[in-house]
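File shown: run_14.cif. Contents: mmCIF, C-alpha atoms.
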```cif
data_query
loop_
_atom_site.label_atom_id
_atom_site.label_comp_id
_atom_site.auth_asym_id
_atom_site.auth_seq_id
_atom_site.Cartn_x
_atom_site.Cartn_y
_atom_site.Cartn_z
CA MET A 229 122.36 103.11 144.48
CA ALA A 230 119.51 102.15 142.22
CA ARG A 231 119.57 98.54 141.00
CA ASP A 232 116.27 98.00 139.29
CA PHE A 233 117.23 95.56 136.52
CA THR A 234 117.52 91.84 137.19
CA GLN A 235 120.57 90.07 135.81
CA ALA A 236 118.37 88.51 133.12
CA GLU A 237 117.22 92.00 132.10
CA VAL A 238 120.78 93.30 132.00
CA ASP A 239 121.74 90.32 129.84
CA ALA A 240 118.84 91.02 127.47
CA VAL A 241 120.03 94.59 126.91
CA TYR A 242 123.55 93.37 126.05
CA LYS A 243 122.05 90.66 123.86
CA ALA A 244 120.29 93.31 121.76
CA ILE A 245 123.40 95.49 121.59
CA LEU A 246 125.68 92.63 120.53
CA ALA A 247 123.20 90.94 118.14
CA ARG A 248 122.17 94.13 116.28
CA ARG A 249 123.15 93.94 112.62
CA ASP A 250 122.79 96.11 109.55
CA ILE A 251 120.55 93.95 107.35
CA ARG A 252 120.09 94.15 103.58
CA VAL A 253 117.94 91.06 103.00
CA PHE A 254 114.22 91.36 103.72
CA LEU A 255 111.12 89.21 103.49
CA PRO A 256 108.11 90.94 101.96
CA ASP A 257 105.87 90.33 105.00
CA LYS A 258 104.19 93.45 106.34
CA LEU A 259 105.08 94.49 109.87
CA PRO A 260 102.21 94.61 112.39
CA ASP A 261 101.19 98.17 113.30
CA ASP A 262 101.83 97.63 116.99
CA VAL A 263 105.41 96.52 116.36
CA VAL A 264 106.07 99.58 114.20
CA ASP A 265 104.52 101.80 116.87
CA ARG A 266 106.78 100.39 119.57
CA ILE A 267 109.88 100.85 117.42
CA LEU A 268 108.91 104.46 116.67
CA ARG A 269 108.19 105.16 120.33
CA ALA A 270 111.63 103.77 121.20
CA GLY A 271 113.06 106.37 118.84
CA HIS A 272 110.95 109.15 120.29
CA HIS A 273 112.29 108.26 123.75
CA GLY A 274 115.83 108.93 122.67
CA PRO A 275 117.91 111.52 124.49
CA SER A 276 118.14 115.00 123.01
CA VAL A 277 120.19 118.07 123.76
CA GLY A 278 118.09 120.56 125.71
CA TYR A 279 115.10 118.22 125.19
CA MET A 280 114.78 119.59 121.64
CA GLN A 281 113.57 116.25 120.18
CA PRO A 282 114.67 117.31 116.70
CA TRP A 283 113.43 114.16 114.97
CA ASN A 284 110.44 113.19 112.83
CA PHE A 285 109.69 109.80 111.33
CA VAL A 286 108.26 109.53 107.83
CA VAL A 287 106.94 105.98 107.61
CA ILE A 288 106.86 104.89 103.98
CA GLN A 289 104.99 101.86 102.69
CA ASP A 290 103.76 103.29 99.38
CA LYS A 291 105.58 101.26 96.73
CA GLU A 292 105.77 104.15 94.29
CA VAL A 293 107.50 106.33 96.87
CA LEU A 294 109.86 103.47 97.77
CA ARG A 295 110.77 102.99 94.11
CA ALA A 296 111.49 106.70 93.74
CA LEU A 297 113.79 106.54 96.76
CA GLN A 298 115.44 103.43 95.40
CA ALA A 299 116.22 105.24 92.14
CA VAL A 300 118.00 108.16 93.83
CA VAL A 301 119.98 105.75 96.01
CA GLU A 302 120.99 103.64 93.02
CA LYS A 303 122.24 106.75 91.20
CA GLU A 304 124.53 107.63 94.09
CA ARG A 305 125.56 104.04 94.67
CA ILE A 306 127.08 103.86 91.21
CA ARG A 307 128.69 107.26 91.56
CA ALA A 308 130.16 106.23 94.92
CA GLY A 309 131.98 103.32 93.28
CA GLU A 310 133.99 105.59 91.00
CA PRO A 311 136.88 106.44 93.35
CA TYR A 312 137.69 102.79 94.05
CA SER A 313 140.34 100.86 92.14
CA ASP A 314 138.93 98.53 89.44
CA ALA A 315 138.95 95.38 91.56
CA LYS A 316 137.51 97.05 94.63
CA ARG A 317 134.91 98.85 92.49
CA ASP A 318 133.65 95.63 90.93
CA TYR A 319 133.47 94.16 94.35
CA TYR A 320 131.69 97.19 95.75
CA LEU A 321 129.12 97.24 92.97
CA ARG A 322 128.25 93.62 93.65
CA LEU A 323 127.64 94.36 97.34
CA LYS A 324 123.99 94.67 98.12
CA VAL A 325 123.81 98.06 99.75
CA GLU A 326 120.13 98.51 100.20
CA GLY A 327 116.77 96.77 100.40
CA LEU A 328 114.46 99.71 99.70
CA VAL A 329 112.26 97.79 97.31
CA GLU A 330 112.33 94.40 99.05
CA ALA A 331 111.61 95.66 102.56
CA PRO A 332 107.92 96.35 103.26
CA MET A 333 108.73 99.65 104.94
CA THR A 334 111.31 102.40 105.02
CA ILE A 335 111.43 105.08 107.69
CA CYS A 336 113.02 108.40 106.83
CA VAL A 337 114.32 109.86 110.08
CA THR A 338 114.66 113.62 109.85
CA ASN A 339 116.52 116.17 111.95
CA ASP A 340 115.22 119.72 112.37
CA PRO A 341 118.11 121.91 113.55
CA THR A 342 115.75 124.84 114.23
CA ARG A 343 113.56 122.99 116.69
CA GLY A 344 113.56 124.52 120.16
CA GLY A 345 114.53 127.96 118.87
CA PRO A 346 117.93 129.61 118.59
CA HIS A 347 119.17 128.94 122.16
CA VAL A 348 118.80 125.25 122.92
CA LEU A 349 120.17 124.40 126.36
CA GLY A 350 123.54 122.67 126.02
CA ARG A 351 123.85 123.33 122.29
CA ASN A 352 125.75 126.60 122.28
CA THR A 353 129.21 125.30 121.44
CA ILE A 354 128.41 122.06 119.60
CA PRO A 355 125.47 122.68 117.26
CA GLU A 356 125.68 119.18 115.78
CA THR A 357 124.35 117.76 119.06
CA ASP A 358 120.96 117.97 117.30
CA LEU A 359 122.07 115.40 114.73
CA MET A 360 123.73 113.30 117.42
CA SER A 361 120.41 113.25 119.29
CA THR A 362 118.66 112.04 116.15
CA ALA A 363 121.30 109.33 115.76
CA CYS A 364 120.63 108.17 119.32
CA ALA A 365 116.94 107.90 118.43
CA ILE A 366 117.92 105.72 115.46
CA GLU A 367 119.99 103.44 117.69
CA ASN A 368 117.04 103.06 120.06
CA MET A 369 114.88 102.03 117.10
CA TRP A 370 117.52 99.62 115.90
CA LEU A 371 117.82 97.86 119.25
CA ALA A 372 114.05 97.76 119.74
CA ALA A 373 113.66 96.30 116.26
CA ARG A 374 116.36 93.69 116.89
CA ALA A 375 114.67 92.55 120.08
CA GLU A 376 111.35 92.33 118.20
CA GLY A 377 113.01 90.13 115.56
CA VAL A 378 112.76 92.94 113.03
CA ALA A 379 115.70 93.70 110.75
CA MET A 380 116.92 97.18 109.94
CA GLY A 381 119.34 98.55 107.36
CA TRP A 382 120.62 102.12 107.45
CA VAL A 383 120.81 103.56 103.94
CA SER A 384 123.02 106.66 103.73
CA ILE A 385 123.81 106.87 100.01
CA TYR A 386 121.60 109.66 98.66
CA GLU A 387 121.58 113.36 98.00
CA LYS A 388 119.45 114.97 100.67
CA ASP A 389 117.71 117.25 98.17
CA ASP A 390 116.58 114.22 96.16
CA VAL A 391 114.95 112.74 99.25
CA ARG A 392 113.50 116.10 100.29
CA LYS A 393 111.84 116.39 96.91
CA ILE A 394 110.33 112.90 96.97
CA LEU A 395 109.02 113.16 100.53
CA GLY A 396 108.11 116.87 100.55
CA ILE A 397 110.53 117.62 103.37
CA PRO A 398 111.14 121.35 103.99
CA ASN A 399 114.55 122.70 103.05
CA HIS A 400 115.56 123.46 106.63
CA VAL A 401 114.90 119.87 107.72
CA ASP A 402 117.60 117.27 107.23
CA PRO A 403 116.62 113.79 105.95
CA ALA A 404 119.23 112.22 108.23
CA ALA A 405 118.72 108.54 107.45
CA LEU A 406 116.66 106.06 105.47
CA LEU A 407 115.98 102.97 107.55
CA THR A 408 114.70 99.92 105.68
CA ILE A 409 112.87 97.61 108.04
CA GLY A 410 111.16 94.26 107.82
CA TYR A 411 111.60 90.62 108.69
CA THR A 412 114.69 88.77 107.51
CA PRO A 413 115.44 85.06 107.06
CA HIS A 414 118.19 85.28 109.67
CA PHE A 415 120.41 87.66 111.59
CA PRO A 416 124.04 86.83 110.78
CA GLU A 417 126.47 86.43 113.65
CA ILE A 418 129.22 88.33 111.84
CA PRO A 419 128.53 91.82 110.43
CA LEU A 420 128.11 91.87 106.64
CA LEU A 421 131.16 94.02 105.93
CA GLU A 422 133.31 91.74 108.07
CA ARG A 423 131.90 88.59 106.48
CA VAL A 424 132.75 89.82 102.99
CA GLY A 425 136.22 90.93 104.05
CA TRP A 426 135.57 94.66 103.64
CA GLY A 427 136.65 95.38 107.21
CA THR A 428 137.17 93.91 110.67
CA ARG A 429 136.16 95.02 114.12
CA ARG A 430 138.98 97.04 115.68
CA ASP A 431 140.70 95.55 118.68
CA PHE A 432 138.92 96.77 121.81
CA ALA A 433 142.26 97.50 123.50
CA GLU A 434 143.03 99.98 120.71
CA VAL A 435 139.98 102.15 121.21
CA VAL A 436 140.30 102.83 124.95
CA PHE A 437 142.65 105.39 126.47
CA GLU A 438 143.20 106.33 130.12
CA ASN A 439 143.10 109.96 131.27
CA ARG A 440 144.81 111.15 128.09
CA TRP A 441 144.68 110.41 124.36
CA GLY A 442 147.20 107.70 123.48
CA THR A 443 147.71 106.39 127.03
CA ARG A 444 146.74 102.73 127.31
CA PRO A 445 144.96 101.63 130.48
CA ALA A 446 147.26 100.07 133.04
CA ARG A 447 144.71 97.45 134.05
CA SER A 448 144.15 94.57 131.70
CA THR A 449 140.86 94.77 129.81
CA MET B 275 111.59 84.97 110.43
CA ALA B 276 114.05 85.04 113.27
CA ARG B 277 112.50 85.33 116.71
CA ASP B 278 115.33 84.80 119.13
CA PHE B 279 114.30 87.09 122.01
CA THR B 280 111.82 85.94 124.65
CA GLN B 281 109.05 88.36 125.58
CA ALA B 282 110.87 89.03 128.87
CA GLU B 283 114.00 89.95 126.91
CA VAL B 284 112.05 92.23 124.59
CA ASP B 285 110.51 93.91 127.65
CA ALA B 286 113.95 94.41 129.20
CA VAL B 287 115.20 96.23 126.11
CA TYR B 288 112.21 98.60 126.18
CA LYS B 289 112.66 99.02 129.92
CA ALA B 290 116.20 100.30 129.37
CA ILE B 291 115.11 102.57 126.53
CA LEU B 292 112.22 104.09 128.49
CA ALA B 293 114.04 104.34 131.83
CA ARG B 294 117.23 105.95 130.47
CA ARG B 295 117.74 109.43 131.93
CA ASP B 296 120.34 112.17 131.66
CA ILE B 297 121.65 112.31 135.22
CA ARG B 298 123.48 115.15 136.93
CA VAL B 299 123.65 113.83 140.51
CA PHE B 300 126.33 111.28 141.30
CA LEU B 301 127.58 109.35 144.28
CA PRO B 302 131.37 109.31 144.68
CA ASP B 303 131.61 105.48 144.63
CA LYS B 304 134.09 104.11 142.13
CA LEU B 305 132.68 101.94 139.35
CA PRO B 306 133.98 98.36 139.18
CA ASP B 307 136.36 97.79 136.26
CA ASP B 308 134.24 95.01 134.79
CA VAL B 309 131.16 97.26 134.66
CA VAL B 310 133.13 99.99 132.90
CA ASP B 311 134.50 97.43 130.47
CA ARG B 312 131.04 96.17 129.57
CA ILE B 313 129.75 99.71 129.01
CA LEU B 314 132.72 100.52 126.78
CA ARG B 315 132.29 97.29 124.82
CA ALA B 316 128.64 98.17 124.29
CA GLY B 317 129.83 101.42 122.71
CA HIS B 318 132.41 99.64 120.58
CA HIS B 319 129.63 97.37 119.25
CA GLY B 320 127.72 100.33 117.88
CA PRO B 321 126.88 100.50 114.19
CA SER B 322 129.17 102.53 111.95
CA VAL B 323 129.00 103.66 108.37
CA GLY B 324 131.23 101.43 106.21
CA TYR B 325 132.40 99.76 109.46
CA MET B 326 134.69 102.75 110.06
CA GLN B 327 134.32 102.60 113.87
CA PRO B 328 135.36 106.25 114.19
CA TRP B 329 135.25 106.35 117.98
CA ASN B 330 137.73 106.26 120.84
CA PHE B 331 137.00 106.38 124.54
CA VAL B 332 139.23 108.39 126.88
CA VAL B 333 138.37 107.13 130.34
CA ILE B 334 139.18 109.83 132.89
CA GLN B 335 139.40 109.23 136.63
CA ASP B 336 142.33 111.54 137.40
CA LYS B 337 140.81 114.29 139.57
CA GLU B 338 143.16 116.96 138.25
CA VAL B 339 142.09 116.24 134.68
CA LEU B 340 138.43 116.22 135.73
CA ARG B 341 138.83 119.59 137.45
CA ALA B 342 140.44 121.04 134.34
CA LEU B 343 137.50 119.81 132.23
CA GLN B 344 135.06 121.19 134.78
CA ALA B 345 136.68 124.62 134.49
CA VAL B 346 136.30 124.80 130.69
CA VAL B 347 132.68 123.62 130.94
CA GLU B 348 131.87 126.17 133.64
CA LYS B 349 133.32 128.97 131.46
CA GLU B 350 130.99 128.05 128.60
CA ARG B 351 128.05 127.40 130.87
CA ILE B 352 128.09 131.01 132.05
CA ARG B 353 128.61 132.32 128.52
CA ALA B 354 125.68 130.17 127.31
CA GLY B 355 123.33 131.92 129.76
CA GLU B 356 123.89 135.32 128.20
CA PRO B 357 121.31 135.17 125.38
CA TYR B 358 118.45 134.29 127.75
CA SER B 359 116.13 136.91 129.22
CA ASP B 360 116.91 137.85 132.85
CA ALA B 361 114.41 135.49 134.43
CA LYS B 362 115.26 132.55 132.21
CA ARG B 363 118.98 133.22 132.66
CA ASP B 364 118.75 133.16 136.46
CA TYR B 365 116.82 129.97 136.16
CA TYR B 366 119.30 128.49 133.70
CA LEU B 367 122.29 129.35 135.87
CA ARG B 368 120.72 127.57 138.83
CA LEU B 369 120.22 124.40 136.79
CA LYS B 370 122.86 121.83 137.54
CA VAL B 371 124.26 121.12 134.13
CA GLU B 372 127.13 118.84 134.92
CA GLY B 373 128.59 116.46 137.46
CA LEU B 374 132.19 116.38 136.23
CA VAL B 375 133.69 116.75 139.68
CA GLU B 376 131.15 114.68 141.63
CA ALA B 377 131.09 111.67 139.27
CA PRO B 378 133.97 109.24 139.77
CA MET B 379 134.56 108.99 136.04
CA THR B 380 134.08 110.89 132.80
CA ILE B 381 134.47 109.33 129.38
CA CYS B 382 135.38 111.57 126.48
CA VAL B 383 134.01 109.92 123.34
CA THR B 384 135.88 111.07 120.27
CA ASN B 385 135.10 110.89 116.57
CA ASP B 386 137.85 110.57 113.97
CA PRO B 387 136.43 111.63 110.58
CA THR B 388 139.57 110.38 108.78
CA ARG B 389 139.28 106.80 109.97
CA GLY B 390 138.84 104.31 107.17
CA GLY B 391 140.48 106.59 104.59
CA PRO B 392 138.91 108.99 102.12
CA HIS B 393 136.29 106.63 100.61
CA VAL B 394 134.28 105.05 103.39
CA LEU B 395 131.51 102.82 102.05
CA GLY B 396 128.16 104.56 102.39
CA ARG B 397 129.66 107.91 103.42
CA ASN B 398 130.00 109.62 100.04
CA THR B 399 127.00 111.93 100.21
CA ILE B 400 126.52 112.34 103.97
CA PRO B 401 129.93 112.76 105.59
CA GLU B 402 128.41 113.36 109.02
CA THR B 403 127.44 109.68 109.20
CA ASP B 404 130.75 109.32 111.06
CA LEU B 405 129.47 111.49 113.90
CA MET B 406 126.09 109.78 113.78
CA SER B 407 127.88 106.44 114.22
CA THR B 408 129.69 107.80 117.25
CA ALA B 409 126.36 109.01 118.66
CA CYS B 410 124.93 105.50 118.24
CA ALA B 411 127.89 104.16 120.22
CA ILE B 412 127.05 106.67 122.96
CA GLU B 413 123.43 105.52 123.06
CA ASN B 414 124.59 101.90 123.38
CA MET B 415 126.74 102.93 126.35
CA TRP B 416 123.87 104.86 127.89
CA LEU B 417 121.46 101.92 127.70
CA ALA B 418 124.07 99.45 128.95
CA ALA B 419 124.84 101.78 131.85
CA ARG B 420 121.16 102.20 132.68
CA ALA B 421 120.65 98.45 132.80
CA GLU B 422 123.71 98.13 135.04
CA GLY B 423 122.24 100.73 137.40
CA VAL B 424 124.90 103.24 136.36
CA ALA B 425 123.93 106.85 135.68
CA MET B 426 125.19 108.88 132.76
CA GLY B 427 125.08 112.56 131.92
CA TRP B 428 126.03 113.93 128.50
CA VAL B 429 127.94 117.18 128.84
CA SER B 430 128.03 119.19 125.60
CA ILE B 431 128.94 122.68 126.82
CA TYR B 432 132.62 123.15 125.98
CA GLU B 433 134.89 124.43 123.28
CA LYS B 434 136.40 121.42 121.54
CA ASP B 435 139.87 122.97 121.45
CA ASP B 436 139.81 123.38 125.24
CA VAL B 437 139.08 119.67 125.65
CA ARG B 438 141.64 118.72 122.99
CA LYS B 439 144.31 120.64 124.89
CA ILE B 440 143.50 119.05 128.26
CA LEU B 441 143.32 115.48 126.92
CA GLY B 442 146.03 115.73 124.23
CA ILE B 443 143.56 114.90 121.45
CA PRO B 444 144.92 115.49 117.91
CA ASN B 445 143.42 118.41 115.98
CA HIS B 446 141.76 116.19 113.37
CA VAL B 447 139.89 114.21 116.06
CA ASP B 448 136.61 115.55 117.39
CA PRO B 449 135.93 115.35 121.16
CA ALA B 450 132.27 114.59 120.46
CA ALA B 451 130.94 114.19 124.00
CA LEU B 452 131.88 114.18 127.66
CA LEU B 453 129.94 111.49 129.49
CA THR B 454 129.94 111.71 133.27
CA ILE B 455 129.18 108.31 134.77
CA GLY B 456 128.74 106.87 138.23
CA TYR B 457 126.09 105.66 140.63
CA THR B 458 123.19 107.92 141.53
CA PRO B 459 120.75 107.95 144.47
CA HIS B 460 117.85 107.37 142.11
CA PHE B 461 116.75 107.51 138.49
CA PRO B 462 113.88 109.97 138.18
CA GLU B 463 110.78 108.88 136.33
CA ILE B 464 110.41 112.24 134.59
CA PRO B 465 113.35 113.71 132.62
CA LEU B 466 115.08 116.59 134.45
CA LEU B 467 114.21 119.27 131.91
CA GLU B 468 110.56 118.23 132.01
CA ARG B 469 110.50 118.12 135.80
CA VAL B 470 111.82 121.67 136.06
CA GLY B 471 109.41 122.92 133.41
CA TRP B 472 112.08 123.65 130.79
CA GLY B 473 110.34 121.49 128.18
CA THR B 474 107.90 118.65 127.66
CA ARG B 475 107.97 115.52 125.55
CA ARG B 476 106.38 116.20 122.20
CA ASP B 477 103.15 114.38 121.42
CA PHE B 478 104.00 111.10 119.67
CA ALA B 479 101.28 111.70 117.07
CA GLU B 480 103.07 114.90 116.02
CA VAL B 481 106.37 113.27 115.17
CA VAL B 482 105.13 110.54 112.83
CA PHE B 483 104.18 111.10 109.19
CA GLU B 484 102.96 108.64 106.58
CA ASN B 485 104.57 108.38 103.14
CA ARG B 486 105.10 112.14 102.99
CA TRP B 487 106.17 114.96 105.31
CA GLY B 488 103.10 116.50 106.96
CA THR B 489 100.72 113.62 106.26
CA ARG B 490 99.36 112.12 109.47
CA PRO B 491 98.93 108.35 109.59
CA ALA B 492 95.39 107.21 108.86
CA ARG B 493 95.51 104.48 111.46
CA SER B 494 95.25 105.54 115.08
CA THR B 495 98.53 105.29 116.97
#
```
Could you write out this file's structure as structure tokens?
Amino acid sequence: MARDFTQAEVDAVYKAILARRDIRVFLPDKLPDDVVDRILRAGHHGPSVGYMQPWNFVVIQDKEVLRALQAVVEKERIRAGEPYSDAKRDYYLRLKVEGLVEAPMTICVTNDPTRGGPHVLGRNTIPETDLMSTACAIENMWLAARAEGVAMGWVSIYEKDDVRKILGIPNHVDPAALLTIGYTPHFPEIPLLERVGWGTRRDFAEVVFENRWGTRPARST
Amino acid sequence: MARDFTQAEVDAVYKAILARRDIRVFLPDKLPDDVVDRILRAGHHGPSVGYMQPWNFVVIQDKEVLRALQAVVEKERIRAGEPYSDAKRDYYLRLKVEGLVEAPMTICVTNDPTRGGPHVLGRNTIPETDLMSTACAIENMWLAARAEGVAMGWVSIYEKDDVRKILGIPNHVDPAALLTIGYTPHFPEIPLLERVGWGTRRDFAEVVFENRWGTRPARST
């Protein structure tokens, strides 16, 4: 068996996983290039089906581009409030859902489903493993950022074609996520949506089954 | 600014990210319950769009269930070799693509796209953010496992309905991944598919753009 992490190192990994938060409040301070590089490299070292590495990272600091992105997000944010009941809609519209203009940097993470050709090893029955690979890259970036004291917010309210147009992304490439990143005054202990009463973390005992869907583990967890 | 990780802790997070490997060789030793619990909790602390937490974890140790899963994976593994040219197919078929029978445990991670109701915050324009959330949970598990000295292999070659039938998963729930986990003799430095010449890691400079798709960063990275 290979035990090559000290207990302190194991603890640090869990610390990052448990302390990671989706942040919407950013300080204007620019991020040092070396920090950004390490976060991007963490993403590039994500796992990918058949080693296809379907991701690219468009690093945006140009304020004009950020404002254009902010406008297409704001358009969808208002539209997204429509299905809610009046009270919930008011509440929703007051929620701060993005920090595209405040944060010094946004990274558009893209997914190219054609990368690696038509027969990617391990992707024959579940084509969306490309997008899942890209999501794993994002989680790597998020944890790396958290350890570096850098905040990240995942913005997912936009029409992909709007973002393609602004960033010049080819039609076959998927702008999978907009990640706002920067420093923040503090990382809250409780996730934002839990703090504001929008949702709660599900009971751990509810999410785990044993050998078959619906069967609770016999051992106590 | 919030700097709450020591340099040693930051290093440990990068160590896990860079040392994570997709492993196909497992020792039969059972994993301690507390280790499995911590890995599952790492997954459950993944980010999710609108806090929907769409995942469940079916923890499988029953050998009969594992053999049934192995059979449906093997069926698709052979079918997946068909499009390759003769030489590449022979090569592909000799690759060890899964350790479902050798590993003491497999976790089926599922994604429920209906969780949180029809209007999940932040999921109006990109519905697949549910699956991306589940993938982030998987990456958390993978990094936690790596730090614990536990190997993981992501098996993605199966028809979802076959896995649903074996595990009793409802039709609306997506068996998103089969993760084989257990101890391994060693974690290779080079990813398997690179070691066998199937692919190489893309040049980091190729994956990063600045402000616009196709524009290389001016600064050297």
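Our summary of the geometry notes that atom CA of Val329 of chain A is positioned 12.4 Å from atom CA of Leu406 of chain A.
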Item to complete: Extract, using only C-alpha atoms, all DNA, RNA and protein residues at most 12 Å from segment 419-431 of chain A, discarding same-chain residues fewer than 2 positions from it, and format them as a PyMOL selection string.
Response: (chain A and resi 246-253+316-317+319-320+322-325+381+415-417+433-436+449) or (chain B and resi 315+318-330+389-390+394-396)
Restricting it to C-alpha atoms, dump the selection as a PDB file, keeping the file's coordinate frame.
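After the write, selection.pdb holds the following:
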```pdb
ATOM      1  CA  LEU A 246     125.680  92.630 120.530  1.00  0.00           C
ATOM      2  CA  ALA A 247     123.200  90.940 118.140  1.00  0.00           C
ATOM      3  CA  ARG A 248     122.170  94.130 116.280  1.00  0.00           C
ATOM      4  CA  ARG A 249     123.150  93.940 112.620  1.00  0.00           C
ATOM      5  CA  ASP A 250     122.790  96.110 109.550  1.00  0.00           C
ATOM      6  CA  ILE A 251     120.550  93.950 107.350  1.00  0.00           C
ATOM      7  CA  ARG A 252     120.090  94.150 103.580  1.00  0.00           C
ATOM      8  CA  VAL A 253     117.940  91.060 103.000  1.00  0.00           C
ATOM      9  CA  LYS A 316     137.510  97.050  94.630  1.00  0.00           C
ATOM     10  CA  ARG A 317     134.910  98.850  92.490  1.00  0.00           C
ATOM     11  CA  TYR A 319     133.470  94.160  94.350  1.00  0.00           C
ATOM     12  CA  TYR A 320     131.690  97.190  95.750  1.00  0.00           C
ATOM     13  CA  ARG A 322     128.250  93.620  93.650  1.00  0.00           C
ATOM     14  CA  LEU A 323     127.640  94.360  97.340  1.00  0.00           C
ATOM     15  CA  LYS A 324     123.990  94.670  98.120  1.00  0.00           C
ATOM     16  CA  VAL A 325     123.810  98.060  99.750  1.00  0.00           C
ATOM     17  CA  GLY A 381     119.340  98.550 107.360  1.00  0.00           C
ATOM     18  CA  PHE A 415     120.410  87.660 111.590  1.00  0.00           C
ATOM     19  CA  PRO A 416     124.040  86.830 110.780  1.00  0.00           C
ATOM     20  CA  GLU A 417     126.470  86.430 113.650  1.00  0.00           C
ATOM     21  CA  ALA A 433     142.260  97.500 123.500  1.00  0.00           C
ATOM     22  CA  GLU A 434     143.030  99.980 120.710  1.00  0.00           C
ATOM     23  CA  VAL A 435     139.980 102.150 121.210  1.00  0.00           C
ATOM     24  CA  VAL A 436     140.300 102.830 124.950  1.00  0.00           C
ATOM     25  CA  THR A 449     140.860  94.770 129.810  1.00  0.00           C
TER      26      THR A 449
ATOM     27  CA  ARG B 315     132.290  97.290 124.820  1.00  0.00           C
ATOM     28  CA  HIS B 318     132.410  99.640 120.580  1.00  0.00           C
ATOM     29  CA  HIS B 319     129.630  97.370 119.250  1.00  0.00           C
ATOM     30  CA  GLY B 320     127.720 100.330 117.880  1.00  0.00           C
ATOM     31  CA  PRO B 321     126.880 100.500 114.190  1.00  0.00           C
ATOM     32  CA  SER B 322     129.170 102.530 111.950  1.00  0.00           C
ATOM     33  CA  VAL B 323     129.000 103.660 108.370  1.00  0.00           C
ATOM     34  CA  GLY B 324     131.230 101.430 106.210  1.00  0.00           C
ATOM     35  CA  TYR B 325     132.400  99.760 109.460  1.00  0.00           C
ATOM     36  CA  MET B 326     134.690 102.750 110.060  1.00  0.00           C
ATOM     37  CA  GLN B 327     134.320 102.600 113.870  1.00  0.00           C
ATOM     38  CA  PRO B 328     135.360 106.250 114.190  1.00  0.00           C
ATOM     39  CA  TRP B 329     135.250 106.350 117.980  1.00  0.00           C
ATOM     40  CA  ASN B 330     137.730 106.260 120.840  1.00  0.00           C
ATOM     41  CA  ARG B 389     139.280 106.800 109.970  1.00  0.00           C
ATOM     42  CA  GLY B 390     138.840 104.310 107.170  1.00  0.00           C
ATOM     43  CA  VAL B 394     134.280 105.050 103.390  1.00  0.00           C
ATOM     44  CA  LEU B 395     131.510 102.820 102.050  1.00  0.00           C
ATOM     45  CA  GLY B 396     128.160 104.560 102.390  1.00  0.00           C
TER      46      GLY B 396
END
```
Worksheet item: What do you get, as a VMD selection string, if you spell out every residue that the PyMOL selection byres ((chain B) within 7 of (chain A)) selects here?
Response: chain B and resid 275 to 279 283 to 284 286 to 288 291 to 292 311 316 319 325 330 to 336 354 396 to 400 405 to 406 409 to 410 413 to 414 418 421 to 423 430 to 433 441 to 443 457 to 460 467 473 481 to 487 495
Item to complete: Choose the residue, out of B:Val437, B:Ala342, B:Val447, B:Leu367, that has the smallest atom-to-atom separation from Asp404 of chain B; count all atoms listed in the file.
Response: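 Residue with the minimum atom-to-atom distance to Asp404 of chain B: B:Val447.
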Discussion item. Rounded to one decimal, what separation in Å do you get between atom CA of Thr388 of chain B and atom CA of His446 of chain B?
Written reply: 7.7 Å
